[in-house]
>>> print(open('upload.cif').read())   # mmCIF, C-alpha atoms and all ligand atoms
data_structure
#
loop_
_atom_site.label_atom_id
_atom_site.label_comp_id
_atom_site.auth_asym_id
_atom_site.auth_seq_id
_atom_site.Cartn_x
_atom_site.Cartn_y
_atom_site.Cartn_z
CA MET A 176 134.46 160.88 -35.33
CA THR A 177 134.99 164.54 -34.47
CA ILE A 178 136.85 165.27 -31.24
CA ILE A 179 137.20 168.67 -29.57
CA VAL A 180 140.42 168.72 -27.57
CA THR A 181 140.52 171.69 -25.20
CA GLY A 182 143.90 172.90 -23.97
CA GLY A 183 145.60 171.17 -26.90
CA ALA A 184 148.33 173.81 -27.20
CA GLY A 185 149.65 172.81 -23.78
CA PHE A 186 151.86 169.93 -22.68
CA ILE A 187 149.61 166.86 -22.45
CA GLY A 188 146.89 168.10 -24.83
CA SER A 189 149.39 168.56 -27.67
CA ASN A 190 150.89 165.13 -27.09
CA PHE A 191 147.34 163.72 -27.16
CA ILE A 192 146.59 165.47 -30.47
CA TYR A 193 149.71 163.93 -32.05
CA PHE A 194 148.75 160.53 -30.60
CA GLU A 195 145.25 160.73 -32.09
CA LEU A 196 146.36 162.00 -35.52
CA LYS A 197 148.85 159.14 -35.71
CA ASN A 198 146.69 156.33 -34.37
CA HIS A 199 143.25 157.38 -35.67
CA PRO A 200 143.95 159.18 -38.94
CA ALA A 201 140.27 159.12 -39.96
CA ASP A 202 139.15 161.16 -36.94
CA LYS A 203 138.88 164.94 -37.02
CA ILE A 204 140.52 166.89 -34.20
CA ILE A 205 139.55 170.42 -33.30
CA CYS A 206 141.78 172.05 -30.72
CA LEU A 207 140.14 174.79 -28.62
CA ASP A 208 142.76 176.73 -26.67
CA LYS A 209 142.95 180.20 -25.18
CA LEU A 210 146.74 180.34 -25.66
CA THR A 211 147.54 181.46 -22.13
CA TYR A 212 151.20 181.68 -21.10
CA ALA A 213 151.19 177.84 -21.13
CA GLY A 214 149.74 177.45 -24.61
CA ASN A 215 152.04 177.56 -27.62
CA LEU A 216 151.03 177.35 -31.28
CA GLU A 217 154.56 176.35 -32.24
CA THR A 218 153.94 173.11 -30.36
CA LEU A 219 151.16 172.36 -32.88
CA ALA A 220 153.12 173.40 -35.98
CA GLU A 221 153.34 169.84 -37.30
CA ALA A 222 149.63 169.21 -36.75
CA GLN A 223 148.67 172.37 -38.64
CA GLY A 224 149.55 170.70 -41.95
CA ASN A 225 147.10 167.82 -41.34
CA LYS A 226 143.74 168.23 -43.11
CA ASN A 227 141.99 166.54 -40.19
CA PHE A 228 143.26 169.11 -37.69
CA GLU A 229 141.92 172.55 -36.94
CA PHE A 230 142.97 175.09 -34.32
CA VAL A 231 140.43 177.47 -32.79
CA ARG A 232 141.53 180.11 -30.34
CA GLY A 233 138.99 180.48 -27.55
CA ASP A 234 138.28 180.36 -23.83
CA ILE A 235 136.39 177.38 -22.38
CA ALA A 236 134.73 179.79 -19.92
CA ASP A 237 133.31 181.91 -22.79
CA ARG A 238 129.80 180.46 -23.13
CA GLU A 239 128.93 182.18 -26.38
CA GLY A 240 132.18 181.16 -28.06
CA VAL A 241 131.92 177.55 -26.87
CA TYR A 242 128.28 177.22 -28.02
CA LYS A 243 129.20 178.67 -31.42
CA LEU A 244 131.98 176.12 -31.81
CA PHE A 245 129.77 173.18 -30.79
CA ALA A 246 127.04 174.32 -33.21
CA ALA A 247 129.57 174.56 -36.04
CA VAL A 248 131.55 171.35 -35.58
CA LYS A 249 128.99 169.05 -33.85
CA PRO A 250 131.59 167.10 -31.87
CA ASP A 251 131.08 163.44 -31.00
CA VAL A 252 133.64 163.59 -28.19
CA VAL A 253 135.09 166.37 -26.02
CA VAL A 254 138.33 165.80 -24.10
CA ASN A 255 138.93 168.57 -21.59
CA PHE A 256 142.61 169.23 -20.92
CA ALA A 257 142.24 173.03 -20.65
CA ALA A 258 143.24 174.19 -17.20
CA GLU A 259 145.46 176.37 -15.16
CA SER A 260 147.83 173.62 -14.12
CA HIS A 261 150.65 174.89 -11.91
CA VAL A 262 150.35 174.49 -8.12
CA ASP A 263 152.81 177.33 -7.35
CA ARG A 264 150.82 179.77 -9.49
CA SER A 265 147.59 178.69 -7.77
CA ILE A 266 149.15 179.54 -4.41
CA GLU A 267 149.98 183.05 -5.69
CA ASP A 268 146.64 183.70 -7.43
CA PRO A 269 143.80 181.20 -6.91
CA GLU A 270 140.99 183.04 -8.69
CA LEU A 271 142.03 182.33 -12.26
CA PHE A 272 142.09 178.62 -11.35
CA LEU A 273 138.46 178.79 -10.26
CA ARG A 274 137.41 180.53 -13.46
CA THR A 275 139.12 178.20 -15.93
CA ASN A 276 139.07 174.92 -14.08
CA ILE A 277 135.56 175.11 -12.59
CA ILE A 278 133.50 177.62 -14.61
CA GLY A 279 135.23 176.54 -17.82
CA THR A 280 134.34 172.89 -17.19
CA SER A 281 130.72 173.81 -16.38
CA VAL A 282 130.39 175.75 -19.65
CA LEU A 283 131.68 172.76 -21.61
CA LEU A 284 129.23 170.49 -19.78
CA ASP A 285 126.36 172.86 -20.58
CA ALA A 286 127.39 172.80 -24.23
CA CYS A 287 127.30 168.99 -24.12
CA ARG A 288 123.76 169.15 -22.69
CA LYS A 289 122.61 171.64 -25.28
CA PHE A 290 124.12 170.07 -28.39
CA GLY A 291 124.30 166.38 -27.41
CA ILE A 292 127.48 164.38 -27.26
CA GLU A 293 128.67 160.77 -27.26
CA ARG A 294 131.35 161.31 -24.63
CA PHE A 295 132.73 164.07 -22.42
CA HIS A 296 136.08 163.15 -20.91
CA GLN A 297 137.51 165.16 -18.03
CA VAL A 298 141.29 165.01 -17.67
CA SER A 299 141.77 165.21 -13.92
CA THR A 300 144.69 164.58 -11.61
CA ASP A 301 145.77 162.38 -8.71
CA GLU A 302 146.18 165.62 -6.73
CA VAL A 303 142.43 165.58 -6.01
CA TYR A 304 143.15 162.78 -3.52
CA GLY A 305 145.50 164.96 -1.48
CA ASP A 306 148.68 163.25 -0.36
CA LEU A 307 149.93 160.06 1.29
CA PRO A 308 152.39 159.92 4.20
CA LEU A 309 156.02 159.22 3.35
CA ASP A 310 156.25 156.42 5.92
CA ARG A 311 153.38 154.34 4.45
CA PRO A 312 154.69 152.97 1.13
CA ASP A 313 151.90 150.38 1.30
CA LEU A 314 149.21 153.02 0.61
CA PHE A 315 148.03 154.02 -2.89
CA PHE A 316 145.25 156.17 -4.33
CA THR A 317 142.37 154.11 -5.73
CA GLU A 318 139.28 155.45 -7.48
CA THR A 319 137.38 155.26 -4.17
CA THR A 320 139.93 157.21 -2.12
CA ASN A 321 138.25 160.31 -0.66
CA LEU A 322 138.86 163.66 -2.34
CA HIS A 323 141.01 165.68 0.07
CA THR A 324 142.73 168.59 -1.61
CA SER A 325 145.73 170.67 -0.51
CA SER A 326 146.23 173.49 -3.03
CA PRO A 327 143.88 175.89 -4.81
CA TYR A 328 144.85 174.01 -7.99
CA SER A 329 143.81 170.61 -6.69
CA ALA A 330 140.67 172.05 -5.06
CA SER A 331 139.61 173.54 -8.40
CA LYS A 332 140.24 170.24 -10.18
CA ALA A 333 138.24 168.33 -7.54
CA ALA A 334 135.36 170.81 -7.91
CA ALA A 335 135.39 170.20 -11.67
CA ASP A 336 135.30 166.41 -11.11
CA LEU A 337 132.26 166.78 -8.84
CA LEU A 338 130.50 168.91 -11.46
CA VAL A 339 131.19 166.28 -14.14
CA GLN A 340 129.70 163.59 -11.87
CA ALA A 341 126.69 165.80 -11.06
CA TYR A 342 125.99 166.47 -14.75
CA GLN A 343 126.38 162.81 -15.50
CA ARG A 344 123.81 161.84 -12.89
CA THR A 345 121.37 164.73 -13.29
CA TYR A 346 121.45 165.37 -17.04
CA LYS A 347 122.75 161.97 -18.16
CA ILE A 348 125.81 163.49 -19.82
CA PRO A 349 127.88 160.47 -20.93
CA ALA A 350 131.02 161.39 -19.03
CA THR A 351 134.23 159.73 -17.87
CA ILE A 352 137.03 161.06 -15.66
CA SER A 353 140.70 160.07 -15.50
CA ARG A 354 143.06 160.94 -12.65
CA CYS A 355 146.68 160.67 -13.66
CA SER A 356 149.94 161.01 -11.79
CA ASN A 357 152.72 163.49 -12.75
CA ASN A 358 153.56 163.45 -16.45
CA TYR A 359 156.88 164.20 -18.15
CA GLY A 360 158.07 164.28 -21.75
CA PRO A 361 158.22 166.60 -24.80
CA PHE A 362 156.59 170.07 -24.73
CA HIS A 363 156.47 170.24 -20.91
CA PHE A 364 156.37 173.91 -19.90
CA PRO A 365 159.67 174.97 -18.23
CA GLU A 366 158.03 176.02 -14.93
CA LYS A 367 157.50 172.36 -13.92
CA LEU A 368 160.10 170.32 -12.04
CA ILE A 369 161.66 168.17 -14.79
CA PRO A 370 162.01 170.73 -17.62
CA LEU A 371 163.03 173.45 -15.15
CA MET A 372 165.86 171.30 -13.82
CA ILE A 373 167.03 170.22 -17.29
CA ILE A 374 167.12 173.82 -18.53
CA ASN A 375 168.79 175.23 -15.40
CA ALA A 376 171.41 172.48 -15.48
CA LEU A 377 172.14 173.20 -19.15
CA HIS A 378 172.84 176.81 -18.12
CA ASP A 379 174.86 175.76 -15.03
CA LYS A 380 172.24 177.61 -12.98
CA LYS A 381 171.26 176.50 -9.46
CA LEU A 382 168.58 173.79 -9.25
CA PRO A 383 166.00 174.98 -6.67
CA VAL A 384 164.79 171.92 -4.74
CA TYR A 385 161.92 172.70 -2.36
CA GLY A 386 162.41 171.72 1.29
CA LYS A 387 164.60 168.65 1.66
CA GLY A 388 163.70 167.15 -1.72
CA ILE A 389 162.09 164.13 -0.05
CA ASN A 390 158.60 164.59 -1.50
CA VAL A 391 157.61 161.73 -3.76
CA ARG A 392 155.90 161.95 -7.15
CA ASP A 393 154.72 159.06 -9.33
CA TRP A 394 156.06 159.84 -12.84
CA LEU A 395 154.42 158.71 -16.08
CA TYR A 396 155.73 159.29 -19.60
CA VAL A 397 153.19 161.52 -21.35
CA GLU A 398 152.55 159.13 -24.25
CA ASP A 399 151.39 156.46 -21.79
CA HIS A 400 148.86 158.94 -20.39
CA CYS A 401 147.65 159.73 -23.92
CA ALA A 402 147.22 156.02 -24.69
CA ALA A 403 145.17 155.60 -21.52
CA ILE A 404 142.83 158.50 -22.36
CA ASP A 405 142.45 157.15 -25.90
CA LEU A 406 141.33 153.79 -24.48
CA ILE A 407 138.91 155.43 -22.05
CA ILE A 408 137.14 157.55 -24.68
CA ARG A 409 136.76 154.57 -27.01
CA ARG A 410 136.21 151.67 -24.61
CA GLY A 411 135.72 153.10 -21.12
CA THR A 412 132.40 152.87 -19.28
CA VAL A 413 130.29 156.01 -18.93
CA GLY A 414 130.12 157.28 -15.35
CA GLU A 415 133.44 155.72 -14.35
CA VAL A 416 136.62 157.22 -12.92
CA TYR A 417 139.95 155.69 -14.00
CA ASN A 418 143.24 156.22 -12.17
CA ILE A 419 146.33 156.30 -14.42
CA GLY A 420 149.87 155.72 -13.17
CA GLY A 421 152.78 153.39 -13.71
CA HIS A 422 154.28 152.76 -10.24
CA ASN A 423 157.24 155.03 -10.90
CA GLU A 424 157.70 156.72 -7.55
CA ARG A 425 160.77 158.89 -7.07
CA THR A 426 161.78 161.55 -4.57
CA ASN A 427 162.34 164.96 -6.13
CA LEU A 428 165.99 164.74 -5.16
CA ASP A 429 166.33 161.42 -7.01
CA VAL A 430 164.79 162.93 -10.13
CA VAL A 431 167.09 165.96 -10.01
CA LYS A 432 170.19 163.80 -9.47
CA THR A 433 169.20 161.55 -12.38
CA ILE A 434 168.93 164.58 -14.68
CA LEU A 435 172.34 165.87 -13.54
CA LYS A 436 173.87 162.46 -14.18
CA ILE A 437 172.45 162.22 -17.71
CA LEU A 438 173.77 165.72 -18.49
CA GLY A 439 177.15 165.06 -16.84
CA LYS A 440 176.69 167.99 -14.45
CA SER A 441 177.74 168.33 -10.81
CA GLU A 442 175.37 167.77 -7.87
CA ASP A 443 176.81 171.02 -6.46
CA LEU A 444 174.24 172.77 -8.64
CA ILE A 445 171.50 171.59 -6.26
CA GLU A 446 170.22 174.31 -3.94
CA PHE A 447 167.66 173.59 -1.22
CA VAL A 448 165.16 176.45 -1.07
CA THR A 449 162.11 177.38 1.03
CA ASP A 450 159.46 174.70 0.81
CA ARG A 451 156.17 175.09 -1.09
CA LYS A 452 153.26 176.06 1.20
CA GLY A 453 151.08 173.03 1.99
CA HIS A 454 153.47 170.81 -0.02
CA ASP A 455 151.94 167.38 -0.73
CA GLN A 456 154.26 164.65 0.54
CA ARG A 457 153.63 161.67 -1.67
CA TYR A 458 151.43 160.76 -4.63
CA ALA A 459 151.07 157.12 -5.65
CA ILE A 460 148.47 155.70 -8.02
CA ASP A 461 146.97 152.22 -8.00
CA PRO A 462 146.21 151.64 -11.71
CA THR A 463 144.62 148.18 -11.22
CA LYS A 464 141.21 149.21 -12.56
CA ILE A 465 142.34 150.57 -15.94
CA SER A 466 144.76 147.67 -16.38
CA ARG A 467 142.10 145.08 -15.60
CA GLU A 468 139.16 146.66 -17.41
CA LEU A 469 140.83 148.26 -20.43
CA GLY A 470 144.11 146.36 -20.67
CA TRP A 471 146.23 149.50 -20.28
CA THR A 472 149.85 149.13 -19.23
CA PRO A 473 152.55 151.80 -19.41
CA GLN A 474 155.15 151.23 -22.13
CA THR A 475 157.96 153.55 -21.03
CA LYS A 476 160.10 152.90 -17.95
CA PHE A 477 161.23 156.00 -16.05
CA ASP A 478 164.92 155.40 -16.77
CA ASP A 479 164.24 155.35 -20.53
CA GLY A 480 161.63 158.11 -20.49
CA ILE A 481 163.84 160.55 -18.62
CA LYS A 482 166.71 159.97 -21.08
CA LYS A 483 164.33 160.52 -24.02
CA THR A 484 163.03 163.67 -22.35
CA VAL A 485 166.48 165.15 -21.74
CA ALA A 486 167.38 164.34 -25.36
CA TRP A 487 164.21 166.11 -26.54
CA TYR A 488 165.15 169.30 -24.64
CA LEU A 489 168.65 169.14 -26.13
CA ASP A 490 167.24 168.70 -29.64
CA ASN A 491 164.53 171.36 -29.31
CA ARG A 492 166.34 174.33 -27.82
CA ALA A 493 164.51 176.82 -30.03
CA TRP A 494 161.16 175.73 -28.52
CA TRP A 495 162.13 176.43 -24.91
CA GLU A 496 164.64 179.24 -25.46
CA LYS A 497 161.83 181.36 -26.87
CA ILE A 498 159.73 180.65 -23.77
CA ILE A 499 162.40 181.36 -21.18
CA SER A 500 163.47 184.60 -22.85
CA GLY A 501 159.94 186.05 -22.63
CA GLU A 502 157.48 186.63 -19.76
CA TYR A 503 158.89 183.52 -18.03
CA LYS A 504 161.87 185.64 -16.90
CA ASN A 505 159.57 187.74 -14.69
CA TYR A 506 157.87 184.61 -13.36
CA TYR A 507 161.22 183.06 -12.47
CA ALA A 508 162.45 186.22 -10.72
CA LYS A 509 159.20 186.46 -8.71
CA MET A 510 159.07 182.80 -7.65
CA TYR A 511 162.76 182.11 -7.09
CA GLY A 512 164.40 185.53 -6.66
CA ASN A 513 164.18 185.67 -2.85
CA ARG A 514 163.35 182.08 -2.09
P1 LIG A 601 149.47 173.03 -19.46
O1 LIG A 601 149.45 174.13 -18.46
O2 LIG A 601 150.74 172.65 -20.12
O3 LIG A 601 148.43 173.38 -20.63
C1 LIG A 601 147.17 173.94 -20.39
C2 LIG A 601 146.59 174.39 -21.73
O4 LIG A 601 145.27 174.89 -21.47
C3 LIG A 601 147.38 175.54 -22.37
O5 LIG A 601 147.52 175.32 -23.77
C4 LIG A 601 146.51 176.77 -22.13
O6 LIG A 601 146.64 177.77 -23.12
C5 LIG A 601 145.12 176.14 -22.13
N1 LIG A 601 144.13 176.94 -21.38
C6 LIG A 601 144.28 177.47 -20.14
N2 LIG A 601 143.16 178.13 -19.79
C7 LIG A 601 142.29 178.00 -20.83
C8 LIG A 601 140.96 178.46 -21.06
N3 LIG A 601 140.31 179.21 -20.14
N4 LIG A 601 140.35 178.13 -22.22
C9 LIG A 601 141.02 177.40 -23.16
N5 LIG A 601 142.28 176.95 -22.99
C10 LIG A 601 142.90 177.25 -21.85
O7 LIG A 601 148.80 171.80 -18.71
P2 LIG A 601 149.13 170.23 -18.84
O8 LIG A 601 150.24 169.90 -17.94
O9 LIG A 601 149.17 169.86 -20.26
O10 LIG A 601 147.81 169.63 -18.18
C11 LIG A 601 146.66 169.35 -18.99
C12 LIG A 601 145.57 168.77 -18.11
O11 LIG A 601 146.04 167.58 -17.49
C13 LIG A 601 145.14 169.70 -16.98
O12 LIG A 601 143.74 169.61 -16.86
C14 LIG A 601 145.83 169.13 -15.75
O13 LIG A 601 145.07 169.39 -14.59
C15 LIG A 601 145.86 167.65 -16.09
N6 LIG A 601 146.96 166.87 -15.49
C16 LIG A 601 148.25 167.28 -15.64
C17 LIG A 601 149.29 166.51 -15.12
C18 LIG A 601 150.73 166.90 -15.30
O14 LIG A 601 151.61 166.23 -14.76
N7 LIG A 601 151.05 167.95 -16.06
C19 LIG A 601 148.98 165.32 -14.43
C20 LIG A 601 147.64 164.93 -14.30
C21 LIG A 601 146.65 165.71 -14.84
P1 LIG A 602 155.62 170.21 -10.17
O1 LIG A 602 156.35 169.85 -11.43
O2 LIG A 602 155.23 171.63 -9.96
O3 LIG A 602 154.34 169.24 -10.11
P2 LIG A 602 153.27 168.99 -8.90
O4 LIG A 602 153.42 170.03 -7.88
O5 LIG A 602 151.97 169.10 -9.62
O6 LIG A 602 153.57 167.62 -8.40
O7 LIG A 602 156.49 169.76 -8.93
C1 LIG A 602 156.88 168.40 -8.76
C2 LIG A 602 157.60 168.31 -7.42
O8 LIG A 602 158.82 169.05 -7.51
C3 LIG A 602 156.83 168.92 -6.26
O9 LIG A 602 157.05 168.13 -5.09
C4 LIG A 602 157.45 170.28 -6.07
C5 LIG A 602 158.90 170.07 -6.51
N1 LIG A 602 159.57 171.23 -7.12
C6 LIG A 602 160.82 171.65 -6.64
O10 LIG A 602 161.38 171.07 -5.70
N2 LIG A 602 161.43 172.72 -7.24
C7 LIG A 602 160.84 173.40 -8.27
O11 LIG A 602 161.45 174.40 -8.75
C8 LIG A 602 159.58 172.94 -8.77
C9 LIG A 602 158.92 173.65 -9.91
C10 LIG A 602 158.98 171.85 -8.16
#
>>> encode(input="upload.cif", output="C-alpha cells", more="lines below")
Ligand code: NAD
Ligand code: TYD
Amino acid sequence: MTIIVTGGAGFIGSNFIYFELKNHPADKIICLDKLTYAGNLETLAEAQGNKNFEFVRGDIADREGVYKLFAAVKPDVVVNFAAESHVDRSIEDPELFLRTNIIGTSVLLDACRKFGIERFHQVSTDEVYGDLPLDRPDLFFTETTNLHTSSPYSASKAAADLLVQAYQRTYKIPATISRCSNNYGPFHFPEKLIPLMIINALHDKKLPVYGKGINVRDWLYVEDHCAAIDLIIRRGTVGEVYNIGGHNERTNLDVVKTILKILGKSEDLIEFVTDRKGHDQRYAIDPTKISRELGWTPQTKFDDGIKKTVAWYLDNRAWWEKIISGEYKNYYAKMYGNR
C-alpha cells in the first residue's frame, strides 16, 4: 500500500517512517513536509536511500499542492503528523497554529474526499482533554472525556479532531484518531523538555524548570507510539478514537533529576523560572481501549527509554549541534532570556 506521511521530517513522523520501512518493507511511503524550523531532512537521510521512500516538500494547507500530490501518488492511507506542536510557541503566536493544524487538516480531508482513500489517520494529542488535578491520581483521560483545551496549541488540535469526525460522519471519510501522551526519544526537537534539559546539562547550562516543577506528564517512548499508530491504520475501526499512553507519569522535576543523574551532573543546575501561562497540571492516559481491542502494550519502560534517549543525544551531537547553533539561538534568548 501507499502511505502519505505528513510532517515526517519532524520528531514522531520520522520515527514512524523508520518503523514502517522496517516493519512493512513492501509499502511505499511518501513524506509530505513543509520543512518548518521543526522539520529536518537530515533526520530522513537514512530513509532517502530506500527505493520505497520519497520526500516531497510541501505545505498541507496548500490546496493545489496537496491535490497534485494525491493525484500523482494515489495514496491508500494518509497519516497526518504535520502540525505546529510547541505549546510555548502557540502562546506567543497562535495564528500559525490555526493555519497548519486546522486549515491544513481540512485541506487533507478535502483531498481524501476528492481522490478517495482507504484510511485517514489523524495524530492527535491527550492535550485536547485539558488537564487533571494533581490531587486526584485516580482520574485518567478516556476516549469519552470531554474536550477542554488550555492552550492555542491544544485548541487547534481539538478543532482538527472535530473536523475529522465531521468529515467522517458527513462525507463518510474512513477516518481514525489517536490521542497520545508526551513522547520522548531520538530526533526530538531541542525546544521540548527532555532534549532541552539533556543538551543544557551537557553544556553545564541552567535547566529552566517552569513554576515548581510539580506538573505531571505521562511519558511514552516514541517507538511505542509508532507501533500503536501502525496497529490503528491496519486493524483499527473506522470512526474510532484511540488513546495511547503507558502509565508513565512523572513530575517535570523528577524527569530533570533523572537526566542529571544519568549524565552525572549536579542538581544545582536546576533553576526554577516563571511558570508557563495556563500551564496544564497533569496529563494521564487510560489506554484500556487500544490494549483490549488491538492488543497494544508499550514495550519500553521509562527508566530504560530515558537512558536510551540520553545515549542517543550523546551519540548524535552533530544532529542537534547544527540545530542549536542556528535560529534556535534567537528562540532560546526570546523565551528564556528574561524569564
Ligand atoms: P514536530 O514539531 O517535531 O514536527 C512537526 C513536523 O511537521 C515538522 O517536520 C514540520 O516541518 C512539519 N510541518 C509543520 N507545518 C507543516 C505544514 N503546514 N505542512 C507540512 N508540514 C508541516 O512535531 P512532533 O512532536 O513530531 O508531533 C507530530 C504530531 O504528533 C503533531 O500532530 C502533534 O500534535 C502530535 N503529538 C505530539 C506529541 C509529542 O509529545 N511530541 C504527543 C502527542 C501528539
Ligand atoms: P513540553 O516538552 O513543552 O511538552 P507539553 O507542554 O506538550 O507537555 O513540556 C513538558 C513539561 O515540561 C511541561 O509541563 C512544561 C515543562 N517545561 C519546563 O519546565 N521547562 C522547559 O524549558 C520546557 C520546554 C518545558
>>> residues_near_ligand(input="upload.cif", ligand="ligand LIG 601 (chain A)", cutoff="7 Å", atoms="only C-alpha atoms and all ligand atoms", output="PyMOL selection string")
chain A and resi 181-188+207-215+233-236+255-261+275+279+298-301+332+354-359+363-364
>>> residues_near_ligand(input="upload.cif", ligand="ligand LIG 602 (chain A)", cutoff="6 Å", atoms="all atoms listed in the file", output="list of chain:residue names")
A:His261, A:Val262, A:Glu366, A:Lys367, A:Leu368, A:Pro383, A:Val384, A:Tyr385, A:Asn390, A:Asn427
>>> closest_residue(input="upload.cif", among="A:Ile465, A:Ile179, A:Ala376, A:Val430", to="A:Ala403", atoms="all atoms listed in the file")
A:Ile465
>>> residues_around(input="upload.cif", residues="A:Ser281", least_positions_apart="5", cutoff="8 Å", atoms="only C-alpha atoms", output="PyMOL selection string")
chain A and resi 335+338-339
>>> write_last_selection(input="upload.cif", atoms="C-alpha atoms", output="PDB file, keeping the file's coordinate frame")
ATOM      1  CA  ALA A 335     135.390 170.200 -11.670  1.00  0.00           C
ATOM      2  CA  LEU A 338     130.500 168.910 -11.460  1.00  0.00           C
ATOM      3  CA  VAL A 339     131.190 166.280 -14.140  1.00  0.00           C
TER       4      VAL A 339
END
>>> closest_residue(input="upload.cif", among="A:Pro365, A:Asn321, A:Asp336, A:Gln223", to="A:Lys497", atoms="all atoms listed in the file")
A:Pro365
>>> atom_distance(input="upload.cif", atom1="atom CA of A:Asp478", atom2="atom CA of A:Gly421")
12.7 Å
>>> residues_around(input="upload.cif", residues="A:Leu469", least_positions_apart="3", cutoff="8 Å", atoms="all atoms listed in the file", output="ChimeraX atom specification")
/A:406-407,410-411,464-466
>>> residues_around(input="upload.cif", residues="A:Ala286", least_positions_apart="6", cutoff="9 Å", atoms="all atoms listed in the file", output="ChimeraX atom specification")
/A:238,241-242,245,292
>>> axis_aligned_box(input="upload.cif", around="stretch 262-275 of chain A", padding_each_side="3 Å", output="JSON")
{"center_x": 145.1, "center_y": 179.1, "center_z": -10.2, "size_x": 21.4, "size_y": 15.2, "size_z": 17.5}
>>> residues_around(input="upload.cif", residues="stretch 304-312 of chain A", least_positions_apart="5", cutoff="6 Å", atoms="all atoms listed in the file", output="mmCIF file with C-alpha atoms, in the frame of the given file")
data_model
loop_
_atom_site.group_PDB
_atom_site.id
_atom_site.type_symbol
_atom_site.label_atom_id
_atom_site.label_comp_id
_atom_site.auth_asym_id
_atom_site.auth_seq_id
_atom_site.Cartn_x
_atom_site.Cartn_y
_atom_site.Cartn_z
ATOM 1 C CA LEU A 322 138.860 163.660 -2.340
ATOM 2 C CA HIS A 323 141.010 165.680 0.070
ATOM 3 C CA THR A 324 142.730 168.590 -1.610
ATOM 4 C CA SER A 325 145.730 170.670 -0.510
ATOM 5 C CA ASP A 455 151.940 167.380 -0.730
ATOM 6 C CA GLN A 456 154.260 164.650 0.540
ATOM 7 C CA ARG A 457 153.630 161.670 -1.670
ATOM 8 C CA TYR A 458 151.430 160.760 -4.630
#
>>> closest_residue(input="upload.cif", among="A:Met176, A:Val413, A:Ala459, A:Ile445", to="A:Arg425", atoms="all atoms listed in the file")
A:Ala459
>>> closest_residue(input="upload.cif", among="A:Arg294, A:Ile373, A:Arg514, A:Ser189", to="A:Gly439", atoms="only C-alpha atoms")
A:Ile373
